[in-house]
$ cat my_file04.cif   # mmCIF, C-alpha atoms
data_target
loop_
_atom_site.label_atom_id
_atom_site.label_comp_id
_atom_site.auth_asym_id
_atom_site.auth_seq_id
_atom_site.Cartn_x
_atom_site.Cartn_y
_atom_site.Cartn_z
CA MET A 99 7.57 4.16 1.81
CA MET A 100 9.31 4.91 5.15
CA ARG A 101 11.14 7.83 3.54
CA ALA A 102 7.88 9.34 2.31
CA LEU A 103 6.24 8.80 5.72
CA ALA A 104 9.18 10.52 7.42
CA GLY A 105 8.86 13.44 5.00
CA ALA A 106 5.16 13.71 5.83
CA MET A 107 6.04 14.14 9.52
CA LEU A 108 7.65 17.50 8.71
CA SER A 109 4.17 18.97 8.26
CA LEU A 110 3.69 18.51 12.04
CA TYR A 111 6.33 21.16 12.82
CA PRO A 112 5.52 24.87 13.36
CA LYS A 113 5.60 26.97 10.19
CA ALA A 114 8.50 29.11 11.41
CA TRP A 115 10.54 25.94 12.01
CA ARG A 116 9.64 24.54 8.57
CA ASP A 117 10.57 27.82 6.88
CA ARG A 118 13.99 27.83 8.54
CA TYR A 119 14.95 24.15 8.76
CA GLY A 120 12.42 22.25 6.63
CA ASP A 121 14.44 22.06 3.40
CA GLU A 122 17.60 21.03 5.24
CA VAL A 123 15.86 18.21 7.12
CA ALA A 124 14.03 17.11 3.96
CA ASP A 125 17.41 16.81 2.19
CA LEU A 126 18.76 14.71 5.08
CA ILE A 127 15.74 12.41 4.88
CA ALA A 128 16.23 12.03 1.13
CA SER A 129 19.93 11.19 1.45
CA ARG A 130 19.96 8.80 4.42
CA THR A 131 18.46 5.44 5.33
CA VAL A 132 15.07 5.94 7.00
CA ARG A 133 13.79 3.53 9.62
CA LEU A 134 10.72 3.44 11.84
CA ARG A 135 12.75 4.99 14.65
CA THR A 136 13.46 7.96 12.37
CA VAL A 137 9.71 8.59 12.05
CA PHE A 138 9.24 8.42 15.83
CA ASP A 139 12.17 10.81 16.33
CA LEU A 140 10.59 13.29 13.92
CA VAL A 141 7.27 13.12 15.78
CA ALA A 142 9.04 13.69 19.10
CA GLY A 143 10.98 16.55 17.51
CA ALA A 144 7.73 18.14 16.34
CA ALA A 145 6.34 18.06 19.89
CA ASP A 146 9.55 19.65 21.20
CA ALA A 147 9.46 22.29 18.44
CA TRP A 148 5.95 23.33 19.48
CA ILE A 149 6.90 23.44 23.16
CA HIS A 150 9.97 25.60 22.47
CA ARG A 151 8.66 27.34 19.37
CA ARG A 152 9.69 30.82 20.61
CA ARG A 153 13.32 29.79 20.33
CA VAL A 154 12.94 29.48 16.56
CA PRO A 155 14.04 32.69 14.80
CA GLY A 156 11.10 34.40 13.13
CA ALA A 157 8.45 32.65 15.23
CA GLY A 158 5.38 34.86 15.63
CA PRO A 159 2.64 34.77 18.27
CA ALA A 160 1.42 31.29 19.19
CA ARG A 161 -1.56 30.13 17.19
CA ILE A 162 -3.68 27.04 17.58
CA PRO A 163 -2.79 24.72 14.68
CA LEU A 164 -5.59 24.08 12.21
CA ALA A 165 -5.17 20.33 12.76
CA ALA A 166 -5.91 20.81 16.48
CA VAL A 167 -9.00 22.94 15.73
CA LEU A 168 -10.34 20.36 13.28
CA THR A 169 -9.66 17.53 15.73
CA ILE A 170 -11.55 19.31 18.50
CA ALA A 171 -14.44 20.13 16.16
CA GLY A 172 -14.62 16.55 14.86
CA THR A 173 -14.60 15.18 18.39
CA ALA A 174 -17.39 17.58 19.34
CA LEU A 175 -19.52 16.35 16.44
CA LEU A 176 -19.10 12.74 17.54
CA LEU A 177 -19.95 13.68 21.13
CA LEU A 178 -23.13 15.34 19.86
CA TRP A 179 -24.09 12.13 18.02
CA ASN A 180 -26.22 10.57 20.76
CA PRO A 181 -28.08 13.69 21.93
CA GLY A 182 -28.59 14.62 18.26
CA VAL A 183 -29.37 11.69 15.96
CA ARG A 184 -30.12 9.09 18.65
CA ASP A 185 -32.71 10.83 20.86
CA PRO A 186 -35.78 8.64 20.17
CA ALA A 187 -38.35 10.79 21.96
CA SER A 188 -37.39 14.04 20.29
CA LEU A 189 -36.57 12.56 16.86
CA ASN A 190 -39.79 10.60 16.55
CA GLY A 191 -41.89 13.33 18.12
CA THR A 192 -40.32 16.09 16.02
CA TRP A 193 -40.73 14.12 12.80
CA ALA A 194 -44.36 13.31 13.63
CA GLU A 195 -45.05 16.99 14.27
CA ALA A 196 -43.28 18.01 11.08
CA SER A 197 -45.20 15.41 9.08
CA VAL A 198 -48.39 17.34 9.83
CA ALA A 199 -47.19 19.64 7.08
CA GLY A 200 -47.77 16.76 4.65
CA ALA A 201 -45.42 16.12 1.75
CA LEU A 202 -43.20 19.04 2.77
CA ALA A 203 -41.44 16.93 5.40
CA GLY A 204 -40.60 14.23 2.87
CA HIS A 205 -39.29 16.73 0.34
CA LEU A 206 -37.13 18.45 2.95
CA SER A 207 -35.71 15.12 4.09
CA ALA A 208 -34.92 14.01 0.53
CA THR A 209 -33.29 17.34 -0.27
CA ALA A 210 -31.05 17.27 2.79
CA THR A 211 -30.04 13.65 2.23
CA SER A 212 -29.21 14.28 -1.43
CA LEU A 213 -27.07 17.31 -0.60
CA PHE A 214 -25.17 15.42 2.10
CA VAL A 215 -24.49 12.48 -0.23
CA VAL A 216 -23.24 14.72 -3.05
CA SER A 217 -21.07 16.64 -0.58
CA ALA A 218 -19.49 13.39 0.62
CA ALA A 219 -18.87 12.20 -2.95
CA LEU A 220 -17.21 15.50 -3.90
CA GLY A 221 -15.01 15.32 -0.80
CA VAL A 222 -13.57 12.01 -2.02
CA LEU A 223 -13.39 13.01 -5.68
CA ALA A 224 -11.61 16.28 -4.83
CA VAL A 225 -8.28 14.54 -4.33
CA VAL A 226 -8.49 11.92 -7.08
CA PRO A 227 -6.85 14.10 -9.80
CA LEU A 228 -4.19 15.15 -7.30
CA LEU A 229 -3.40 11.51 -6.53
CA ILE A 230 -3.19 10.62 -10.22
CA THR A 231 -0.83 13.54 -10.85
CA SER A 232 1.27 12.66 -7.80
CA TYR A 233 1.64 9.05 -8.89
CA THR A 234 2.65 10.21 -12.38
CA VAL A 235 5.29 12.55 -10.93
CA THR A 236 6.82 9.72 -8.89
CA ARG A 237 7.37 7.76 -12.11
CA HIS A 238 9.22 10.55 -13.97
CA PRO A 239 12.79 11.32 -12.79
CA ALA A 240 12.79 14.47 -14.92
CA GLN A 241 10.42 16.10 -12.42
CA GLY A 242 13.23 16.53 -9.90
CA GLN A 243 13.96 15.05 -6.48
CA VAL A 244 11.89 17.55 -4.47
CA ALA A 245 8.80 17.11 -6.63
CA ARG A 246 9.07 13.31 -6.58
CA THR A 247 9.59 13.25 -2.81
CA THR A 248 6.54 15.45 -2.26
CA ALA A 249 4.49 13.32 -4.65
CA ARG A 250 5.49 10.17 -2.77
CA ARG A 251 4.44 11.78 0.51
CA VAL A 252 1.04 12.55 -1.00
CA VAL A 253 0.58 8.96 -2.19
CA VAL A 254 1.72 7.42 1.11
CA THR A 255 -0.51 9.75 3.13
CA ALA A 256 -3.44 8.82 0.90
CA LEU A 257 -2.78 5.13 1.57
CA LEU A 258 -2.66 5.77 5.32
CA LEU A 259 -5.95 7.70 5.16
CA ALA A 260 -7.70 5.31 2.79
CA VAL A 261 -9.39 3.25 5.51
CA PRO A 262 -10.87 6.11 7.59
CA VAL A 263 -11.90 8.03 4.47
CA ALA A 264 -13.56 4.92 3.05
CA LEU A 265 -15.44 4.34 6.30
CA VAL A 266 -16.65 7.92 6.58
CA GLY A 267 -16.97 8.70 2.88
CA CYS A 268 -17.61 5.70 0.66
CA ALA A 269 -19.55 3.78 3.29
CA LEU A 270 -20.74 7.23 4.46
CA TYR A 271 -22.11 6.19 7.82
CA GLY A 272 -20.22 2.94 8.47
CA MET A 273 -17.82 4.13 11.15
CA ALA A 274 -20.45 5.98 13.16
CA PHE A 275 -22.90 3.08 13.03
CA ALA A 276 -20.26 0.64 14.20
CA HIS A 277 -19.09 2.68 17.19
CA LEU A 278 -21.92 5.05 18.04
CA GLY A 279 -25.09 3.28 16.95
CA ALA A 280 -27.50 3.86 14.11
CA PRO A 281 -29.53 7.09 13.94
CA VAL A 282 -33.14 6.97 15.02
CA GLY A 283 -36.06 7.51 12.68
CA PRO A 284 -36.31 9.46 9.42
CA LEU A 285 -35.09 12.74 10.91
CA GLY A 286 -32.04 11.12 12.50
CA GLU A 287 -31.14 9.47 9.19
CA THR A 288 -31.64 12.78 7.39
CA MET A 289 -29.18 14.80 9.46
CA VAL A 290 -26.50 12.14 10.08
CA GLY A 291 -24.43 13.24 7.08
CA GLY A 292 -23.89 16.65 8.64
CA PHE A 293 -22.16 15.05 11.61
CA LEU A 294 -19.80 12.92 9.50
CA ILE A 295 -19.03 14.80 6.28
CA PRO A 296 -16.89 17.52 7.94
CA VAL A 297 -14.76 14.76 9.49
CA MET A 298 -14.30 13.19 6.07
CA LEU A 299 -13.36 16.54 4.49
CA ALA A 300 -10.80 17.12 7.25
CA LEU A 301 -9.30 13.68 6.61
CA VAL A 302 -8.57 14.46 2.95
CA LEU A 303 -7.17 17.96 3.66
CA PRO A 304 -3.60 16.71 4.37
CA LEU A 305 -3.20 15.69 0.74
CA PRO A 306 -3.43 19.18 -0.86
CA THR A 307 -1.58 20.55 2.18
CA ILE A 308 1.44 18.34 1.50
CA ALA A 309 1.24 18.75 -2.29
CA ALA A 310 1.23 22.56 -2.07
CA SER A 311 5.02 22.61 -1.63
CA ALA A 312 5.66 21.20 -5.13
CA PRO A 313 4.99 23.60 -8.05
CA SER A 314 4.42 20.67 -10.44
CA LEU A 315 1.41 19.63 -8.31
CA ALA A 316 -0.03 23.17 -8.10
CA PRO A 317 -2.89 22.71 -10.61
CA GLY A 318 -4.08 19.60 -8.74
CA VAL A 319 -3.91 21.44 -5.41
CA ARG A 320 -5.96 24.34 -6.78
CA ALA A 321 -8.55 21.97 -8.27
CA SER A 322 -8.83 20.08 -4.98
CA GLY A 323 -9.41 23.33 -3.11
CA LYS A 324 -12.23 24.35 -5.44
CA VAL A 325 -13.99 20.99 -5.21
CA LEU A 326 -13.63 20.87 -1.40
CA THR A 327 -15.16 24.35 -1.28
CA VAL A 328 -18.19 23.16 -3.26
CA ALA A 329 -18.48 20.17 -0.92
CA ALA A 330 -18.42 22.51 2.10
CA ILE A 331 -21.11 24.74 0.56
CA LEU A 332 -23.37 21.75 -0.13
CA ASN A 333 -22.89 20.54 3.43
CA ALA A 334 -23.98 23.96 4.71
CA LEU A 335 -27.00 24.05 2.37
CA ALA A 336 -28.06 20.57 3.50
CA TRP A 337 -28.50 21.82 7.05
CA VAL A 338 -31.17 24.32 5.92
CA PRO A 339 -33.95 21.73 5.31
CA VAL A 340 -32.86 19.89 8.48
CA LEU A 341 -33.34 23.04 10.55
CA ILE A 342 -36.69 23.70 8.86
CA LEU A 343 -37.81 20.21 9.87
CA LEU A 344 -36.62 20.92 13.39
CA ALA A 345 -38.53 24.21 13.45
CA LEU A 346 -41.73 22.49 12.24
CA GLY A 347 -41.51 19.98 15.07
CA LEU A 348 -40.06 22.27 17.73
CA PRO A 349 -43.02 21.89 20.14
CA LYS A 350 -42.23 18.17 20.48
CA ALA A 351 -38.45 18.55 20.80
CA SER A 352 -36.57 18.59 24.10
CA TRP A 353 -34.23 21.47 24.80
CA THR A 354 -31.21 19.14 24.92
CA PHE A 355 -32.07 17.75 21.49
CA THR A 356 -32.60 21.23 20.03
CA ALA A 357 -29.31 22.45 21.50
CA ALA A 358 -27.43 19.37 20.21
CA VAL A 359 -28.74 19.77 16.67
CA ALA A 360 -28.11 23.54 16.62
CA ALA A 361 -24.58 23.07 17.96
CA GLY A 362 -23.98 20.23 15.50
CA ALA A 363 -25.08 22.42 12.60
CA LEU A 364 -22.82 25.31 13.65
CA ILE A 365 -19.78 23.08 14.19
CA SER A 366 -20.43 21.13 10.97
CA VAL A 367 -20.68 24.26 8.82
CA GLY A 368 -17.75 25.96 10.57
CA MET A 369 -15.50 22.91 10.31
CA SER A 370 -16.28 22.47 6.61
CA ALA A 371 -15.61 26.17 6.01
CA LEU A 372 -12.20 25.91 7.70
CA VAL A 373 -11.27 22.96 5.48
CA ALA A 374 -12.36 24.83 2.35
CA ARG A 375 -10.52 28.00 3.37
CA SER A 376 -7.32 26.08 4.07
CA ALA A 377 -7.55 24.12 0.81
CA LEU A 378 -8.11 27.28 -1.23
CA GLY A 379 -5.21 28.98 0.53
CA HIS A 380 -2.89 26.09 -0.31
CA GLY A 381 -4.07 26.27 -3.91
CA ARG A 382 -3.24 29.98 -4.17
CA SER A 383 0.12 29.41 -2.49
CA ALA A 384 0.99 26.54 -4.82
CA MET A 385 0.01 28.47 -7.95
CA GLY A 386 2.08 31.41 -6.74
CA GLN A 387 5.20 29.24 -6.92
CA LEU A 388 4.78 28.68 -10.63
CA SER A 389 7.09 30.74 -12.82
CA PRO A 390 5.34 33.15 -15.22
CA ALA A 391 5.03 31.82 -18.74
#

$ encode --input "my_file04.cif" --output "structure tokens"
Amino acid sequence: MMRALAGAMLSLYPKAWRDRYGDEVADLIASRTVRLRTVFDLVAGAADAWIHRRRVPGAGPARIPLAAVLTIAGTALLLLWNPGVRDPASLNGTWAEASVAGALAGHLSATATSLFVVSAALGVLAVVPLLITSYTVTRHPAQGQVARTTARRVVVTALLLAVPVALVGCALYGMAFAHLGAPVGPLGETMVGGFLIPVMLALVLPLPTIAASAPSLAPGVRASGKVLTVAAILNALAWVPVLILLALGLPKASWTFTAAVAAGALISVGMSALVARSALGHGRSAMGQLSPA
């Protein structure tokens, strides 16, 4: 398990560094005893590699890592939680105003909630086939050392992410309720998925990212990318009825509430789109490694 965790730390290094030294370091990890200190040394080495990345031959212009972008976006969504789904005056007032339209408000709320729930379920299911394939590869020596090492990294990473994914995905709102407080009123409950689902999708992205380096896992990586893309699309569609509800009750909404919901929608859709784009890119890259029949 420590060997697989150490291998997973290589994904923290800049791409130029991985292209030049990744295989060599991976071979060293596979051939030597790995301890907890080894993992910490690899993390420290990753930080140093980013600081001195221009010393690596072939390093291009500095780019903000996708992991950093997703972390910032996820943090922004959680910061928007209270001014968005926990503003009693605006949420209750906006919903009351929207309810003047009769059954339309209820239908919009049910539609948004259903889309968010399906999006969350697809986010979890997207990596299930990949995990099954990875576990199978680890049990077959004929697959080769590189493939089995990569598969073990996928399985170990999944185990490490199981708790946060379960809290955000399977329990759906459990983590946010425990630390941020429950949403207020029907409208708050309707839109809460949009604040949490992109975080859940980002949490499962490391699995196809790691698996993309093993050709034997390529079909699973491609399938994961397609399902994550559908989940991202459903998340975006779910925001449409939420914004219609907001528009119906706009006269009763404060400007801070309106700005928080609008910003939350933009960040939620953008974050999900980045996850889907990255997953699809890894799928194409993995399939490109397969030898022609």

$ residues_around --input "my_file04.cif" --residues "Leu364 (chain A)" --least-positions-apart "5" --cutoff "12 Å" --atoms "only C-alpha atoms" --output "list in words"
Ala171, Ala174, Leu175, Leu178, Gly292, Phe293, Pro296, Asn333, Ala334, Trp337, Val338, Leu341, Ala357, Ala358, Val359, Met369, Ser370 and Ala371 of chain A

$ axis_aligned_box --input "my_file04.cif" --around "region 335-345 of chain A" --padding-each-side "3 Å" --output "JSON"
{"center_x": -32.8, "center_y": 22.1, "center_z": 7.9, "size_x": 17.5, "size_y": 10.4, "size_z": 17.1}

$ residues_around --input "my_file04.cif" --residues "region 134-139 of chain A" --least-positions-apart "2" --cutoff "8 Å" --atoms "only C-alpha atoms" --output "ChimeraX atom specification"
/A:100,103-104,107,132,141-143

$ residues_near_point --input "my_file04.cif" --point "(16.1, 12.7, 2.7)" --cutoff "12 Å" --atoms "only C-alpha atoms" --output "ChimeraX atom specification"
/A:100-106,108,120-133,136,243-244,246-248,251

$ residues_around --input "my_file04.cif" --residues "Ala330 (chain A)" --least-positions-apart "2" --cutoff "12 Å" --atoms "all atoms listed in the file" --output "number ranges by chain"
A: 213-221, 224, 292, 295-300, 323-328, 332-337, 366-378

$ resolve_selection --input "my_file04.cif" --expression "the PyMOL selection byres ((chain A and resi 387) around 12)" --output "list of chain:residue names"
A:Ala310, A:Ser311, A:Ala312, A:Pro313, A:Ser314, A:Leu315, A:Ala316, A:Pro317, A:His380, A:Gly381, A:Arg382, A:Ser383, A:Ala384, A:Met385, A:Gly386, A:Leu388, A:Ser389, A:Pro390

$ resolve_selection --input "my_file04.cif" --expression "the PyMOL selection byres ((chain A and resi 288) around 9)" --output "list in words"
Val183, Ser207, Ala208, Ala210, Thr211, Phe214, Pro281, Gly283, Pro284, Leu285, Gly286, Glu287, Met289, Val290, Gly291, Gly292 and Val340 of chain A

$ atom_distance --input "my_file04.cif" --atom1 "CA of Asp117 (chain A)" --atom2 "CA of Asp146 (chain A)"
16.5 Å

$ closest_residue --input "my_file04.cif" --among "A:Ala351, A:Ala203, A:Ala249, A:Ala345" --to "Thr307 (chain A)" --atoms "only C-alpha atoms"
A:Ala249

$ atom_distance --input "my_file04.cif" --atom1 "CA of Trp148 (chain A)" --atom2 "CA of Leu168 (chain A)"
17.7 Å

$ atom_distance --input "my_file04.cif" --atom1 "CA of Thr356 (chain A)" --atom2 "CA of Ala329 (chain A)"
25.3 Å

$ resolve_selection --input "my_file04.cif" --expression "the PyMOL selection byres ((chain A and resi 196) around 10)" --output "ChimeraX atom specification"
/A:190-195,197-204,285,342-350

$ decode --input "my_file04.cif" --residues "region 165-251 of chain A" --atoms "C-alpha atoms" --output "tab-separated table (two decimals), in the first residue's frame"
chain	number	residue	atom	x	y	z
A	165	ALA	CA	-5.64	20.72	-9.08
A	166	ALA	CA	-5.00	24.26	-7.79
A	167	VAL	CA	-7.80	25.71	-9.96
A	168	LEU	CA	-10.26	23.08	-8.75
A	169	THR	CA	-9.22	23.61	-5.13
A	170	ILE	CA	-9.76	27.36	-5.41
A	171	ALA	CA	-13.12	26.87	-7.14
A	172	GLY	CA	-14.28	24.32	-4.55
A	173	THR	CA	-13.27	26.63	-1.72
A	174	ALA	CA	-15.17	29.48	-3.36
A	175	LEU	CA	-18.31	27.35	-3.54
A	176	LEU	CA	-18.10	26.54	0.16
A	177	LEU	CA	-17.53	30.21	0.99
A	178	LEU	CA	-20.66	31.07	-1.00
A	179	TRP	CA	-22.66	28.53	1.03
A	180	ASN	CA	-23.94	30.90	3.72
A	181	PRO	CA	-24.80	33.90	1.52
A	182	GLY	CA	-26.38	31.47	-0.98
A	183	VAL	CA	-28.33	28.61	0.59
A	184	ARG	CA	-28.51	29.98	4.16
A	185	ASP	CA	-29.89	33.50	3.67
A	186	PRO	CA	-33.32	33.13	5.37
A	187	ALA	CA	-34.76	36.49	4.34
A	188	SER	CA	-33.94	36.16	0.67
A	189	LEU	CA	-34.57	32.41	0.39
A	190	ASN	CA	-37.97	32.50	2.06
A	191	GLY	CA	-38.96	35.75	0.40
A	192	THR	CA	-37.80	34.64	-3.05
A	193	TRP	CA	-39.57	31.29	-2.76
A	194	ALA	CA	-42.79	32.97	-1.58
A	195	GLU	CA	-42.65	35.34	-4.54
A	196	ALA	CA	-41.94	32.50	-6.95
A	197	SER	CA	-44.79	30.45	-5.51
A	198	VAL	CA	-47.20	33.09	-6.81
A	199	ALA	CA	-46.68	31.37	-10.14
A	200	GLY	CA	-48.47	28.35	-8.68
A	201	ALA	CA	-47.38	24.81	-9.50
A	202	LEU	CA	-44.52	26.09	-11.68
A	203	ALA	CA	-42.32	26.69	-8.63
A	204	GLY	CA	-42.82	23.13	-7.40
A	205	HIS	CA	-42.08	21.64	-10.82
A	206	LEU	CA	-38.93	23.73	-11.20
A	207	SER	CA	-37.72	22.70	-7.75
A	208	ALA	CA	-38.37	19.00	-8.40
A	209	THR	CA	-36.63	19.17	-11.77
A	210	ALA	CA	-33.51	20.82	-10.35
A	211	THR	CA	-33.32	18.42	-7.42
A	212	SER	CA	-33.70	15.38	-9.67
A	213	LEU	CA	-30.97	16.57	-12.03
A	214	PHE	CA	-28.57	17.27	-9.16
A	215	VAL	CA	-29.18	13.84	-7.62
A	216	VAL	CA	-28.65	12.02	-10.94
A	217	SER	CA	-25.50	14.07	-11.56
A	218	ALA	CA	-24.11	13.06	-8.16
A	219	ALA	CA	-24.93	9.39	-8.74
A	220	LEU	CA	-23.21	9.42	-12.14
A	221	GLY	CA	-20.15	11.07	-10.61
A	222	VAL	CA	-19.73	8.10	-8.26
A	223	LEU	CA	-20.65	5.45	-10.83
A	224	ALA	CA	-18.22	6.91	-13.39
A	225	VAL	CA	-15.22	5.33	-11.69
A	226	VAL	CA	-16.75	2.01	-10.61
A	227	PRO	CA	-15.82	0.11	-13.84
A	228	LEU	CA	-12.34	1.63	-13.68
A	229	LEU	CA	-11.90	0.39	-10.11
A	230	ILE	CA	-13.09	-3.09	-11.01
A	231	THR	CA	-10.67	-3.22	-13.95
A	232	SER	CA	-7.82	-1.88	-11.81
A	233	TYR	CA	-8.40	-4.48	-9.11
A	234	THR	CA	-8.47	-7.22	-11.76
A	235	VAL	CA	-5.17	-6.00	-13.24
A	236	THR	CA	-3.49	-6.11	-9.82
A	237	ARG	CA	-4.37	-9.81	-9.57
A	238	HIS	CA	-2.86	-10.83	-12.93
A	239	PRO	CA	0.97	-10.85	-13.16
A	240	ALA	CA	0.72	-11.24	-16.93
A	241	GLN	CA	-0.37	-7.59	-17.18
A	242	GLY	CA	3.16	-6.39	-16.48
A	243	GLN	CA	4.77	-4.49	-13.62
A	244	VAL	CA	3.91	-0.98	-14.87
A	245	ALA	CA	0.24	-1.80	-15.40
A	246	ARG	CA	-0.07	-3.50	-12.00
A	247	THR	CA	1.69	-0.62	-10.23
A	248	THR	CA	-0.63	1.91	-11.87
A	249	ALA	CA	-3.66	-0.20	-11.03
A	250	ARG	CA	-2.57	-0.39	-7.39
A	251	ARG	CA	-2.19	3.38	-7.30
